[in-house]
file model_29.cif (mmCIF, C-alpha atoms)
data_start
#
loop_
_atom_site.group_PDB
_atom_site.id
_atom_site.type_symbol
_atom_site.label_atom_id
_atom_site.label_comp_id
_atom_site.auth_asym_id
_atom_site.auth_seq_id
_atom_site.Cartn_x
_atom_site.Cartn_y
_atom_site.Cartn_z
ATOM 1 C CA MET A 1 1.344 11.609 40.347
ATOM 2 C CA VAL A 2 -0.559 13.649 37.773
ATOM 3 C CA GLU A 3 -4.120 12.453 37.180
ATOM 4 C CA ARG A 4 -4.830 11.892 33.519
ATOM 5 C CA HIS A 5 -8.029 13.197 31.992
ATOM 6 C CA PRO A 6 -10.489 10.390 31.068
ATOM 7 C CA LEU A 7 -10.768 11.708 27.506
ATOM 8 C CA LEU A 8 -6.988 11.568 27.114
ATOM 9 C CA LYS A 9 -6.912 7.999 28.395
ATOM 10 C CA THR A 10 -9.696 6.977 26.011
ATOM 11 C CA THR A 11 -8.010 8.658 23.046
ATOM 12 C CA THR A 12 -4.706 6.994 23.866
ATOM 13 C CA LEU A 13 -6.367 3.596 24.109
ATOM 14 C CA VAL A 14 -8.159 4.085 20.783
ATOM 15 C CA MET A 15 -4.912 5.107 19.081
ATOM 16 C CA LEU A 16 -3.145 2.054 20.493
ATOM 17 C CA VAL A 17 -5.910 -0.245 19.262
ATOM 18 C CA LEU A 18 -5.803 1.346 15.794
ATOM 19 C CA GLY A 19 -2.044 0.992 15.682
ATOM 20 C CA LEU A 20 -2.355 -2.670 16.661
ATOM 21 C CA VAL A 21 -4.977 -3.270 13.956
ATOM 22 C CA PHE A 22 -2.841 -1.654 11.245
ATOM 23 C CA ALA A 23 0.262 -3.529 12.430
ATOM 24 C CA LEU A 24 -1.252 -6.999 12.836
ATOM 25 C CA GLY A 25 -4.087 -6.734 10.316
ATOM 26 C CA PRO A 26 -1.954 -7.554 7.236
ATOM 27 C CA ILE A 27 -0.372 -10.510 9.041
ATOM 28 C CA TYR A 28 -3.813 -11.820 9.988
ATOM 29 C CA LEU A 29 -5.052 -11.491 6.399
ATOM 30 C CA ALA A 30 -1.935 -13.283 5.139
ATOM 31 C CA LEU A 31 -2.493 -16.093 7.650
ATOM 32 C CA CYS A 32 -6.145 -16.467 6.644
ATOM 33 C CA SER A 33 -5.370 -16.345 2.915
ATOM 34 C CA ALA A 34 -2.583 -18.901 3.337
ATOM 35 C CA SER A 35 -5.082 -21.358 4.834
ATOM 36 C CA VAL A 36 -7.595 -21.448 1.949
ATOM 37 C CA THR A 37 -7.496 -22.588 -1.677
ATOM 38 C CA SER A 38 -6.468 -20.438 -4.613
ATOM 39 C CA ARG A 39 -9.940 -20.769 -6.134
ATOM 40 C CA GLN A 40 -11.573 -19.319 -3.016
ATOM 41 C CA ILE A 41 -9.305 -16.245 -3.133
ATOM 42 C CA LEU A 42 -9.959 -15.724 -6.856
ATOM 43 C CA LEU A 43 -13.726 -15.915 -6.281
ATOM 44 C CA HIS A 44 -14.109 -14.068 -2.965
ATOM 45 C CA GLY A 45 -10.899 -12.079 -2.502
ATOM 46 C CA LEU A 46 -8.622 -12.264 0.538
ATOM 47 C CA ALA A 47 -9.970 -14.551 3.231
ATOM 48 C CA LEU A 48 -11.204 -12.947 6.423
ATOM 49 C CA LEU A 49 -11.422 -16.185 8.409
ATOM 50 C CA PRO A 50 -8.871 -19.023 8.702
ATOM 51 C CA GLY A 51 -9.383 -22.083 6.550
ATOM 52 C CA PRO A 52 -8.322 -25.755 6.805
ATOM 53 C CA HIS A 53 -5.547 -25.765 4.168
ATOM 54 C CA LEU A 54 -2.688 -23.969 5.951
ATOM 55 C CA TRP A 55 -0.358 -26.941 6.354
ATOM 56 C CA GLU A 56 -1.195 -28.164 2.857
ATOM 57 C CA ASN A 57 -0.236 -24.806 1.359
ATOM 58 C CA LEU A 58 2.947 -24.616 3.430
ATOM 59 C CA GLY A 59 3.893 -28.078 2.215
ATOM 60 C CA SER A 60 3.260 -27.053 -1.393
ATOM 61 C CA VAL A 61 5.531 -24.033 -0.965
ATOM 62 C CA LEU A 62 8.342 -26.143 0.509
ATOM 63 C CA HIS A 63 7.923 -28.762 -2.225
ATOM 64 C CA ARG A 64 7.788 -26.444 -5.235
ATOM 65 C CA ALA A 65 10.633 -24.079 -4.297
ATOM 66 C CA ASP A 66 13.954 -24.450 -2.517
ATOM 67 C CA ILE A 67 12.781 -22.305 0.382
ATOM 68 C CA GLY A 68 15.375 -23.725 2.760
ATOM 69 C CA HIS A 69 18.275 -22.601 0.589
ATOM 70 C CA MET A 70 16.674 -19.172 0.083
ATOM 71 C CA LEU A 71 16.305 -18.800 3.851
ATOM 72 C CA LEU A 72 19.962 -19.762 4.258
ATOM 73 C CA ASN A 73 21.008 -17.155 1.688
ATOM 74 C CA SER A 74 18.963 -14.468 3.433
ATOM 75 C CA CYS A 75 20.413 -15.407 6.823
ATOM 76 C CA VAL A 76 24.007 -15.366 5.554
ATOM 77 C CA VAL A 77 23.620 -12.047 3.732
ATOM 78 C CA SER A 78 21.743 -10.417 6.636
ATOM 79 C CA LEU A 79 24.329 -11.532 9.208
ATOM 80 C CA ILE A 80 27.231 -10.346 7.039
ATOM 81 C CA VAL A 81 25.582 -6.950 6.561
ATOM 82 C CA VAL A 82 24.823 -6.685 10.292
ATOM 83 C CA ALA A 83 28.423 -7.491 11.236
ATOM 84 C CA GLY A 84 29.820 -5.103 8.640
ATOM 85 C CA LYS A 85 27.514 -2.225 9.500
ATOM 86 C CA LEU A 86 28.072 -2.555 13.233
ATOM 87 C CA ALA A 87 31.849 -2.637 12.768
ATOM 88 C CA LEU A 88 31.905 0.328 10.378
ATOM 89 C CA ALA A 89 29.384 2.402 12.325
ATOM 90 C CA SER A 90 31.029 1.933 15.729
ATOM 91 C CA THR A 91 34.581 2.578 14.538
ATOM 92 C CA SER A 92 33.692 5.549 12.313
ATOM 93 C CA ALA A 93 31.697 7.147 15.137
ATOM 94 C CA PHE A 94 34.626 6.533 17.503
ATOM 95 C CA ALA A 95 36.943 8.316 15.084
ATOM 96 C CA ALA A 96 34.490 11.206 14.647
ATOM 97 C CA VAL A 97 34.168 11.788 18.396
ATOM 98 C CA TYR A 98 37.588 10.977 19.903
ATOM 99 C CA PHE A 99 40.070 11.789 17.136
ATOM 100 C CA ARG A 100 40.731 15.517 16.944
ATOM 101 C CA SER A 101 40.935 16.783 13.400
ATOM 102 C CA ARG A 102 39.945 19.961 11.626
ATOM 103 C CA ILE A 103 37.966 18.084 9.002
ATOM 104 C CA ARG A 104 36.290 15.468 11.220
ATOM 105 C CA HIS A 105 32.972 17.342 11.285
ATOM 106 C CA LEU A 106 33.130 17.826 7.539
ATOM 107 C CA VAL A 107 33.765 14.123 7.011
ATOM 108 C CA PHE A 108 30.973 13.143 9.399
ATOM 109 C CA TRP A 109 28.353 15.409 7.863
ATOM 110 C CA GLY A 110 29.511 14.402 4.402
ATOM 111 C CA THR A 111 28.805 10.814 5.430
ATOM 112 C CA PHE A 112 25.462 11.810 6.906
ATOM 113 C CA VAL A 113 24.405 13.500 3.649
ATOM 114 C CA THR A 114 24.544 10.090 1.962
ATOM 115 C CA LEU A 115 21.192 9.403 3.625
ATOM 116 C CA LEU A 116 19.718 11.592 0.883
ATOM 117 C CA LEU A 117 20.777 8.989 -1.681
ATOM 118 C CA PRO A 118 19.079 5.631 -1.031
ATOM 119 C CA LEU A 119 20.244 2.482 -2.767
ATOM 120 C CA GLU A 120 17.497 2.724 -5.382
ATOM 121 C CA VAL A 121 18.912 6.064 -6.599
ATOM 122 C CA ARG A 122 22.491 4.796 -6.882
ATOM 123 C CA ILE A 123 21.583 1.315 -8.115
ATOM 124 C CA VAL A 124 23.275 1.742 -11.521
ATOM 125 C CA PRO A 125 26.727 2.892 -10.269
ATOM 126 C CA THR A 126 26.560 0.334 -7.446
ATOM 127 C CA TYR A 127 25.911 -2.414 -9.977
ATOM 128 C CA ALA A 128 28.776 -1.118 -12.134
ATOM 129 C CA VAL A 129 31.188 -1.266 -9.178
ATOM 130 C CA ALA A 130 29.968 -4.728 -8.114
ATOM 131 C CA SER A 131 30.388 -6.086 -11.640
ATOM 132 C CA ASP A 132 34.025 -4.923 -11.729
ATOM 133 C CA LEU A 133 35.352 -3.832 -8.360
ATOM 134 C CA PHE A 134 38.620 -2.506 -9.801
ATOM 135 C CA GLU A 135 37.111 -0.482 -12.653
ATOM 136 C CA PRO A 136 37.238 2.872 -10.726
ATOM 137 C CA LEU A 137 40.905 2.154 -9.931
ATOM 138 C CA HIS A 138 41.553 1.352 -13.589
ATOM 139 C CA THR A 139 40.015 4.665 -14.651
ATOM 140 C CA LEU A 140 42.010 6.653 -12.093
ATOM 141 C CA LEU A 141 45.330 5.016 -12.972
ATOM 142 C CA LEU A 142 44.660 5.427 -16.687
ATOM 143 C CA ALA A 143 43.914 9.139 -16.234
ATOM 144 C CA ILE A 144 46.986 9.790 -14.052
ATOM 145 C CA THR A 145 49.668 7.453 -15.374
ATOM 146 C CA GLY A 146 48.232 5.965 -18.545
ATOM 147 C CA LEU A 147 48.718 2.500 -17.024
ATOM 148 C CA GLN A 148 46.113 -0.099 -17.976
ATOM 149 C CA LEU A 149 45.546 -3.055 -15.637
ATOM 150 C CA ASP A 150 43.982 -6.297 -16.831
ATOM 151 C CA VAL A 151 42.467 -7.182 -13.466
ATOM 152 C CA SER A 152 38.766 -7.516 -12.666
ATOM 153 C CA LEU A 153 36.708 -8.785 -9.768
ATOM 154 C CA ASN A 154 33.060 -9.593 -10.371
ATOM 155 C CA LEU A 155 31.047 -9.658 -7.141
ATOM 156 C CA LEU A 156 27.691 -10.427 -8.738
ATOM 157 C CA ASP A 157 25.961 -13.700 -7.824
ATOM 158 C CA SER A 158 27.942 -13.984 -4.603
ATOM 159 C CA TYR A 159 27.454 -13.312 -0.909
ATOM 160 C CA ALA A 160 30.054 -10.556 -1.118
ATOM 161 C CA GLY A 161 28.157 -8.819 -3.909
ATOM 162 C CA LEU A 162 24.869 -9.098 -2.022
ATOM 163 C CA SER A 163 26.275 -7.751 1.240
ATOM 164 C CA LEU A 164 29.186 -5.340 0.637
ATOM 165 C CA PRO A 165 27.146 -2.544 -1.047
ATOM 166 C CA LEU A 166 24.756 -2.527 1.928
ATOM 167 C CA MET A 167 27.323 -2.269 4.731
ATOM 168 C CA ALA A 168 27.925 1.487 4.859
ATOM 169 C CA SER A 169 25.464 3.109 7.266
ATOM 170 C CA ALA A 170 25.286 6.821 7.962
ATOM 171 C CA THR A 171 22.375 6.157 10.319
ATOM 172 C CA GLY A 172 24.442 3.710 12.359
ATOM 173 C CA THR A 173 27.354 6.145 12.520
ATOM 174 C CA PHE A 174 25.014 8.882 13.730
ATOM 175 C CA LEU A 175 23.477 6.565 16.371
ATOM 176 C CA PHE A 176 26.850 5.577 17.812
ATOM 177 C CA ARG A 177 28.186 9.129 17.605
ATOM 178 C CA GLN A 178 25.280 10.467 19.652
ATOM 179 C CA PHE A 179 25.863 7.809 22.288
ATOM 180 C CA TYR A 180 29.619 8.381 22.435
ATOM 181 C CA LEU A 181 28.977 12.094 23.009
ATOM 182 C CA THR A 182 27.087 11.184 26.212
ATOM 183 C CA VAL A 183 30.075 9.283 27.630
ATOM 184 C CA PRO A 184 31.817 11.535 30.196
ATOM 185 C CA ALA A 185 35.089 12.977 28.981
ATOM 186 C CA GLU A 186 36.582 12.125 32.375
ATOM 187 C CA LEU A 187 36.257 8.441 31.503
ATOM 188 C CA ALA A 188 38.491 8.816 28.462
ATOM 189 C CA GLU A 189 40.928 10.933 30.474
ATOM 190 C CA ALA A 190 41.090 8.325 33.256
ATOM 191 C CA ALA A 191 41.737 5.576 30.714
ATOM 192 C CA ARG A 192 44.518 7.658 29.167
ATOM 193 C CA MET A 193 46.117 8.224 32.576
ATOM 194 C CA ASP A 194 46.025 4.473 33.226
ATOM 195 C CA GLY A 195 48.018 3.932 30.040
ATOM 196 C CA ALA A 196 45.173 2.698 27.845
ATOM 197 C CA GLY A 197 45.560 3.616 24.203
ATOM 198 C CA PRO A 198 42.679 4.489 21.857
ATOM 199 C CA LEU A 199 42.136 0.882 20.772
ATOM 200 C CA ARG A 200 42.128 -0.409 24.349
ATOM 201 C CA PHE A 201 39.709 2.338 25.408
ATOM 202 C CA PHE A 202 37.432 1.475 22.494
ATOM 203 C CA ILE A 203 37.419 -2.294 23.122
ATOM 204 C CA ASP A 204 37.401 -2.406 26.924
ATOM 205 C CA ILE A 205 35.209 0.601 27.741
ATOM 206 C CA LEU A 206 33.139 1.879 24.839
ATOM 207 C CA LEU A 207 32.068 -1.446 23.350
ATOM 208 C CA PRO A 208 30.687 -2.895 26.626
ATOM 209 C CA LEU A 209 28.773 0.351 27.186
ATOM 210 C CA SER A 210 27.312 0.127 23.664
ATOM 211 C CA LYS A 211 25.555 -3.240 23.970
ATOM 212 C CA ALA A 212 22.098 -1.696 23.676
ATOM 213 C CA ASN A 213 23.150 0.295 20.614
ATOM 214 C CA PHE A 214 24.534 -2.821 18.963
ATOM 215 C CA ALA A 215 21.301 -4.716 19.646
ATOM 216 C CA ALA A 216 19.059 -1.901 18.383
ATOM 217 C CA LEU A 217 21.037 -1.180 15.233
ATOM 218 C CA GLY A 218 21.688 -4.864 14.567
ATOM 219 C CA THR A 219 17.974 -5.674 14.755
ATOM 220 C CA ILE A 220 17.030 -2.819 12.427
ATOM 221 C CA VAL A 221 19.759 -3.730 9.933
ATOM 222 C CA PHE A 222 18.814 -7.420 9.992
ATOM 223 C CA LEU A 223 15.154 -6.666 9.283
ATOM 224 C CA THR A 224 16.005 -4.147 6.560
ATOM 225 C CA THR A 225 18.396 -6.514 4.805
ATOM 226 C CA TRP A 226 16.061 -9.486 5.184
ATOM 227 C CA LYS A 227 13.192 -7.784 3.360
ATOM 228 C CA ASP A 228 15.343 -6.067 0.724
ATOM 229 C CA TYR A 229 14.123 -6.927 -2.771
ATOM 230 C CA MET A 230 15.714 -4.410 -5.125
ATOM 231 C CA TRP A 231 19.429 -5.174 -4.715
ATOM 232 C CA PRO A 232 19.153 -9.026 -4.703
ATOM 233 C CA LEU A 233 16.985 -8.752 -7.822
ATOM 234 C CA VAL A 234 19.696 -6.740 -9.603
ATOM 235 C CA ALA A 235 22.777 -8.473 -8.220
ATOM 236 C CA THR A 236 21.737 -12.095 -8.765
ATOM 237 C CA SER A 237 20.865 -14.085 -11.844
ATOM 238 C CA ARG A 238 21.459 -17.629 -10.617
ATOM 239 C CA PRO A 239 18.529 -19.314 -8.789
ATOM 240 C CA GLU A 240 20.833 -20.737 -6.111
ATOM 241 C CA MET A 241 21.745 -17.195 -4.965
ATOM 242 C CA ARG A 242 18.176 -15.995 -4.538
ATOM 243 C CA THR A 243 17.056 -14.677 -1.170
ATOM 244 C CA ILE A 244 13.688 -15.360 0.410
ATOM 245 C CA ALA A 245 12.358 -11.954 -0.677
ATOM 246 C CA LEU A 246 12.884 -13.035 -4.283
ATOM 247 C CA GLY A 247 11.592 -16.514 -3.529
ATOM 248 C CA ILE A 248 8.115 -15.221 -2.726
ATOM 249 C CA SER A 249 7.801 -13.944 -6.295
ATOM 250 C CA THR A 250 8.346 -17.503 -7.538
ATOM 251 C CA PHE A 251 4.658 -18.192 -7.011
ATOM 252 C CA LEU A 252 3.467 -15.215 -9.035
ATOM 253 C CA PRO A 253 2.245 -15.885 -12.601
ATOM 254 C CA THR A 254 4.907 -15.761 -15.303
ATOM 255 C CA GLU A 255 2.711 -16.394 -18.337
ATOM 256 C CA THR A 256 -0.298 -14.584 -19.766
ATOM 257 C CA GLY A 257 -3.537 -16.155 -18.605
ATOM 258 C CA GLN A 258 -1.904 -18.059 -15.745
ATOM 259 C CA PRO A 259 -3.966 -17.535 -12.555
ATOM 260 C CA PRO A 260 -2.043 -16.227 -9.544
ATOM 261 C CA GLU A 261 -1.719 -18.575 -6.583
ATOM 262 C CA TRP A 262 -2.190 -16.016 -3.839
ATOM 263 C CA ASN A 263 -2.603 -18.662 -1.173
ATOM 264 C CA LEU A 264 0.919 -19.949 -1.870
ATOM 265 C CA VAL A 265 2.285 -16.416 -2.026
ATOM 266 C CA MET A 266 0.847 -15.734 1.426
ATOM 267 C CA ALA A 267 2.158 -19.070 2.737
ATOM 268 C CA ALA A 268 5.645 -18.221 1.467
ATOM 269 C CA ALA A 269 5.365 -14.798 3.113
ATOM 270 C CA LEU A 270 4.530 -16.453 6.432
ATOM 271 C CA ILE A 271 7.618 -18.670 6.150
ATOM 272 C CA ALA A 272 9.748 -15.610 5.372
ATOM 273 C CA LEU A 273 8.262 -13.840 8.400
ATOM 274 C CA ALA A 274 9.367 -16.484 10.910
ATOM 275 C CA PRO A 275 13.136 -15.696 11.236
ATOM 276 C CA PRO A 276 12.637 -11.924 11.760
ATOM 277 C CA LEU A 277 10.092 -12.681 14.478
ATOM 278 C CA VAL A 278 12.640 -14.906 16.210
ATOM 279 C CA VAL A 279 15.273 -12.150 16.018
ATOM 280 C CA ILE A 280 12.865 -9.568 17.427
ATOM 281 C CA GLY A 281 11.870 -11.931 20.239
ATOM 282 C CA LEU A 282 15.496 -12.543 21.212
ATOM 283 C CA THR A 283 16.597 -8.896 21.095
ATOM 284 C CA GLN A 284 13.475 -6.976 22.095
ATOM 285 C CA ARG A 285 14.704 -5.992 25.575
ATOM 286 C CA TRP A 286 18.035 -4.669 24.304
ATOM 287 C CA PHE A 287 16.332 -3.157 21.266
ATOM 288 C CA VAL A 288 14.039 -1.055 23.461
ATOM 289 C CA ARG A 289 16.975 0.034 25.593
ATOM 290 C CA GLY A 290 18.959 1.059 22.552
ATOM 291 C CA ILE A 291 16.093 3.100 21.112
ATOM 292 C CA THR A 292 14.954 4.779 24.329
ATOM 293 C CA GLY A 293 18.390 5.164 25.928
ATOM 294 C CA VAL A 294 17.374 3.253 29.083
ATOM 295 C CA GLY A 295 20.221 1.627 30.942
ATOM 296 C CA LYS A 296 23.042 3.539 29.259
#
call {"tool": "encode", "arguments": {"input": "model_29.cif", "output": "structure tokens"}}
result
Amino acid sequence: MVERHPLLKTTTLVMLVLGLVFALGPIYLALCSASVTSRQILLHGLALLPGPHLWENLGSVLHRADIGHMLLNSCVVSLIVVAGKLALASTSAFAAVYFRSRIRHLVFWGTFVTLLLPLEVRIVPTYAVASDLFEPLHTLLLAITGLQLDVSLNLLDSYAGLSLPLMASATGTFLFRQFYLTVPAELAEAARMDGAGPLRFFIDILLPLSKANFAALGTIVFLTTWKDYMWPLVATSRPEMRTIALGISTFLPTETGQPPEWNLVMAAALIALAPPLVVIGLTQRWFVRGITGVGK
């Protein structure tokens, strides 16, 4: 075993402590600020020590806003996006690795280039498609045949509209593709000799081997969708379709001269933080395996 230099050990420990402070510091400040009154925050800034009003502020948040329904909306949308992304990423990566085609690399890297265009950049065309799903088809048919269809499908203010535009994942496809490339080619050949077709090989062999990948990608996708603010803000106008990320803004001032209730904002943020913490706690072992490649 190589003996580590004391200076290296000290530096590593200091970096770990700093990382812990930067990671948990904002949560601690939110917890302290959620346990004091609004007047105290306005006079003295964010609280540095916990106060006695935490449960009172949490009760005010639950009473003044339909937090339960917002949490339900966030859970439904996040789970739909997770299921869709995992299905699309695993099957597209399977096609890119095991289906021989001259253009498969072109298609894969074309998909990967979409990482250069985040949702915020393509928000306008995405909104246009969600407001009328068949409009691109109408335009194409009109240009080719001159046929005009009077059919429209508005996905706004619905779970489908909140989740479908977020399902495609070039990152997930890349993650599964890199794992599938590590699977020995002899395994696919043995399955083929035993009479297993591509679908049987995918379901019975690849999917069980990809449990860690599913857990890692699913956790990341769930957290990303849960905290997404931009797309729910654009795609919803009805209060009953709001997610918890939008619900936190309910406690911000809406009129000139109205004082902000930062203690309630922080209390709402703590409530929104609870489900992701539960997900991380349940999937942390598989998440680490999926990220580090241990146990594959």
call {"tool": "residues_around", "arguments": {"input": "model_29.cif", "residues": "A:Ser131", "least_positions_apart": "6", "cutoff": "7 Å", "atoms": "only C-alpha atoms", "output": "PyMOL selection string"}}
result
chain A and resi 154-156
call {"tool": "resolve_selection", "arguments": {"input": "model_29.cif", "expression": "the PyMOL selection byres ((chain A and resi 240) around 8)", "output": "list in words"}}
result
His69, Met70, Arg238, Pro239, Met241 and Arg242 of chain A
call {"tool": "resolve_selection", "arguments": {"input": "model_29.cif", "expression": "the PyMOL selection byres ((chain A and resi 178) around 12)", "output": "ChimeraX atom specification"}}
result
/A:89-90,93-94,96-97,171-177,179-183,210,213,290-291,293
call {"tool": "write_last_selection", "arguments": {"input": "model_29.cif", "atoms": "C-alpha atoms", "output": "PDB file, keeping the file's coordinate frame"}}
result
ATOM      1  CA  ALA A  89      29.384   2.402  12.325  1.00  0.00           C
ATOM      2  CA  SER A  90      31.029   1.933  15.729  1.00  0.00           C
ATOM      3  CA  ALA A  93      31.697   7.147  15.137  1.00  0.00           C
ATOM      4  CA  PHE A  94      34.626   6.533  17.503  1.00  0.00           C
ATOM      5  CA  ALA A  96      34.490  11.206  14.647  1.00  0.00           C
ATOM      6  CA  VAL A  97      34.168  11.788  18.396  1.00  0.00           C
ATOM      7  CA  THR A 171      22.375   6.157  10.319  1.00  0.00           C
ATOM      8  CA  GLY A 172      24.442   3.710  12.359  1.00  0.00           C
ATOM      9  CA  THR A 173      27.354   6.145  12.520  1.00  0.00           C
ATOM     10  CA  PHE A 174      25.014   8.882  13.730  1.00  0.00           C
ATOM     11  CA  LEU A 175      23.477   6.565  16.371  1.00  0.00           C
ATOM     12  CA  PHE A 176      26.850   5.577  17.812  1.00  0.00           C
ATOM     13  CA  ARG A 177      28.186   9.129  17.605  1.00  0.00           C
ATOM     14  CA  PHE A 179      25.863   7.809  22.288  1.00  0.00           C
ATOM     15  CA  TYR A 180      29.619   8.381  22.435  1.00  0.00           C
ATOM     16  CA  LEU A 181      28.977  12.094  23.009  1.00  0.00           C
ATOM     17  CA  THR A 182      27.087  11.184  26.212  1.00  0.00           C
ATOM     18  CA  VAL A 183      30.075   9.283  27.630  1.00  0.00           C
ATOM     19  CA  SER A 210      27.312   0.127  23.664  1.00  0.00           C
ATOM     20  CA  ASN A 213      23.150   0.295  20.614  1.00  0.00           C
ATOM     21  CA  GLY A 290      18.959   1.059  22.552  1.00  0.00           C
ATOM     22  CA  ILE A 291      16.093   3.100  21.112  1.00  0.00           C
ATOM     23  CA  GLY A 293      18.390   5.164  25.928  1.00  0.00           C
TER      24      GLY A 293
END
call {"tool": "atom_distance", "arguments": {"input": "model_29.cif", "atom1": "atom CA of A:Ile244", "atom2": "atom CA of A:Ala272"}}
result
6.3 Å
call {"tool": "atom_distance", "arguments": {"input": "model_29.cif", "atom1": "atom CA of A:Ala188", "atom2": "atom CA of A:Leu86"}}
result
21.7 Å
call {"tool": "decode", "arguments": {"input": "model_29.cif", "residues": "stretch 48-59 of chain A", "atoms": "N, CA, C and O atoms", "output": "compact mmCIF listing (two decimals), in the first residue's frame"}}
result
# COMPACT_ATOMS: atom_id res chain seq x y z
N LEU A 48 -29.02 32.80 10.71
CA LEU A 48 -27.86 31.91 10.82
C LEU A 48 -28.07 30.83 11.88
O LEU A 48 -27.30 29.87 11.93
N LEU A 49 -29.09 31.01 12.71
CA LEU A 49 -29.40 30.03 13.76
C LEU A 49 -30.88 29.67 13.66
O LEU A 49 -31.72 30.51 13.31
N PRO A 50 -31.24 28.42 13.98
CA PRO A 50 -32.64 28.02 13.91
C PRO A 50 -33.51 28.80 14.90
O PRO A 50 -33.05 29.20 15.97
N GLY A 51 -34.74 29.02 14.50
CA GLY A 51 -35.70 29.70 15.34
C GLY A 51 -36.83 28.78 15.76
O GLY A 51 -36.85 27.59 15.42
N PRO A 52 -37.84 29.31 16.48
CA PRO A 52 -38.92 28.47 17.01
C PRO A 52 -40.17 28.38 16.14
O PRO A 52 -41.17 27.83 16.56
N HIS A 53 -40.14 28.92 14.92
CA HIS A 53 -41.36 29.03 14.12
C HIS A 53 -41.39 28.10 12.90
O HIS A 53 -42.14 28.37 11.95
N LEU A 54 -40.60 27.04 12.91
CA LEU A 54 -40.53 26.17 11.74
C LEU A 54 -41.88 25.53 11.44
O LEU A 54 -42.38 25.61 10.31
N TRP A 55 -42.47 24.87 12.41
CA TRP A 55 -43.73 24.17 12.17
C TRP A 55 -44.86 25.14 11.86
O TRP A 55 -45.76 24.83 11.08
N GLU A 56 -44.80 26.32 12.47
CA GLU A 56 -45.80 27.35 12.16
C GLU A 56 -45.71 27.80 10.71
O GLU A 56 -46.73 27.94 10.01
N ASN A 57 -44.49 28.00 10.23
CA ASN A 57 -44.31 28.42 8.83
C ASN A 57 -44.69 27.30 7.86
O ASN A 57 -45.28 27.56 6.81
N LEU A 58 -44.34 26.07 8.20
CA LEU A 58 -44.74 24.94 7.35
C LEU A 58 -46.26 24.82 7.27
O LEU A 58 -46.83 24.55 6.20
N GLY A 59 -46.92 25.03 8.41
CA GLY A 59 -48.38 24.99 8.40
C GLY A 59 -48.98 26.10 7.57
O GLY A 59 -49.98 25.90 6.87
